[in-house]
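**Student:** I have a structure I would like to understand better, so I am pasting it below and will then ask my questions one at a time.
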Amino acid sequence: MLEYLIDQINDPNVNTIGSIFKLLLSLTLGAIVGLERRHKGQIAGMRTFALITMGAALAMIISIYIPQIYFGETENGDPERIAAQVISGIGFLGAGAIIQMKGSVRGLTTAAGIWVSACIGLTVGAGLYLVSIMACATIIFVLLTFELCEKHLFHGGEMKIVRLKVNHIVTDANQYRSSFKDFKVRISDEYLRYDYHLGTTVINFMVRSNSQTDFIGLFNDLHSKGDVLSLTLTNEVNN
């Protein structure tokens, strides 16, 4: 019985037992990747990634099944056509995972995870079980380990965005830059947006800080510059 199941699972032709195994395996691998993303606070979690990988696996199964049944071994079917549409179509889901925040972008890692999870699903659907498992393990390794490497290389620094809204048109932002310098917060980049109708300015400071940074004190110092309508801090580490 066990040998029969193994033969069915490894059979290159589409069959019921092999297809069910592929769907369950792809669902499991996708859920593992989604668990890591959910742990980082992303909206796309286990259910999203599980459905993506399982759907991609199902698409690959159909891609193999149609030429197998309707064309036979003597005709040249095209099992790559549906799979190719999965790769291009998954970009819409990836774009939905990216949130534009006026000078900052979040969700790039999750979008990349969605794309590669679809590829894992296609790999499972094609019957490359060991390759798909290794791909899943590699993804988890990259997501967990590379973040630690980045923190080590940048001495524990975290990328954040401080959004400052001022009730006048700012012509010189040096007074605000000096506050960051006083609190030992390095500015990586900055973006300005003027609203001449309302007479306001929004400045997005992309900064690198550490866990000891006193953002409350920094905000109080920025507010003391005058005409500050709002201050917002956004964490850009776990994207």
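Chain lettering (A, B, ...) mirrors the order of the structure tokens, residue numbering begins at 1 for each chain separately, and ligand numbering begins at 1 in order of display.
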Set the distance at 8 Å and use only C-alpha atoms: which residues neighbour segment 3-18 of chain A once local chain neighbours fewer than 2 positions away are removed? I'd like the list as a PyMOL selection string.
**Tutor:** chain A and resi 1+20-22+61+64-65+68+127
**Student:** Identify, on the basis of only C-alpha atoms, every residue whose closest approach to Gly30 of chain A does not exceed 7 Å; exclude the query and any residue fewer than 6 positions from it along the same chain; express the result as a PyMOL selection string.
**Tutor:** chain A and resi 49-50+53+117
**Student:** Those residues you just picked out, can you put them in a file as an mmCIF file, in the first residue's frame with N, CA and C atoms?
**Tutor:**
```
data_model
loop_
_atom_site.group_PDB
_atom_site.id
_atom_site.type_symbol
_atom_site.label_atom_id
_atom_site.label_comp_id
_atom_site.auth_asym_id
_atom_site.auth_seq_id
_atom_site.Cartn_x
_atom_site.Cartn_y
_atom_site.Cartn_z
ATOM 1 N N PHE A 49 -0.659 33.225 2.148
ATOM 2 C CA PHE A 49 0.442 32.507 1.508
ATOM 3 C C PHE A 49 0.062 31.059 1.206
ATOM 4 N N ALA A 50 -0.704 30.434 2.084
ATOM 5 C CA ALA A 50 -1.138 29.056 1.842
ATOM 6 C C ALA A 50 -2.010 28.975 0.593
ATOM 7 N N THR A 53 0.263 29.528 -2.656
ATOM 8 C CA THR A 53 1.063 28.372 -3.066
ATOM 9 C C THR A 53 0.173 27.226 -3.545
ATOM 10 N N SER A 117 6.530 32.466 -3.229
ATOM 11 C CA SER A 117 5.628 31.415 -2.765
ATOM 12 C C SER A 117 4.830 30.829 -3.924
#
```
**Student:** Rank nothing, just name the residue among A:Arg37, A:Val170, A:Ser188, A:Ile66 nearest to Gly107 of chain A, using only C-alpha atoms.
**Tutor:** A:Arg37
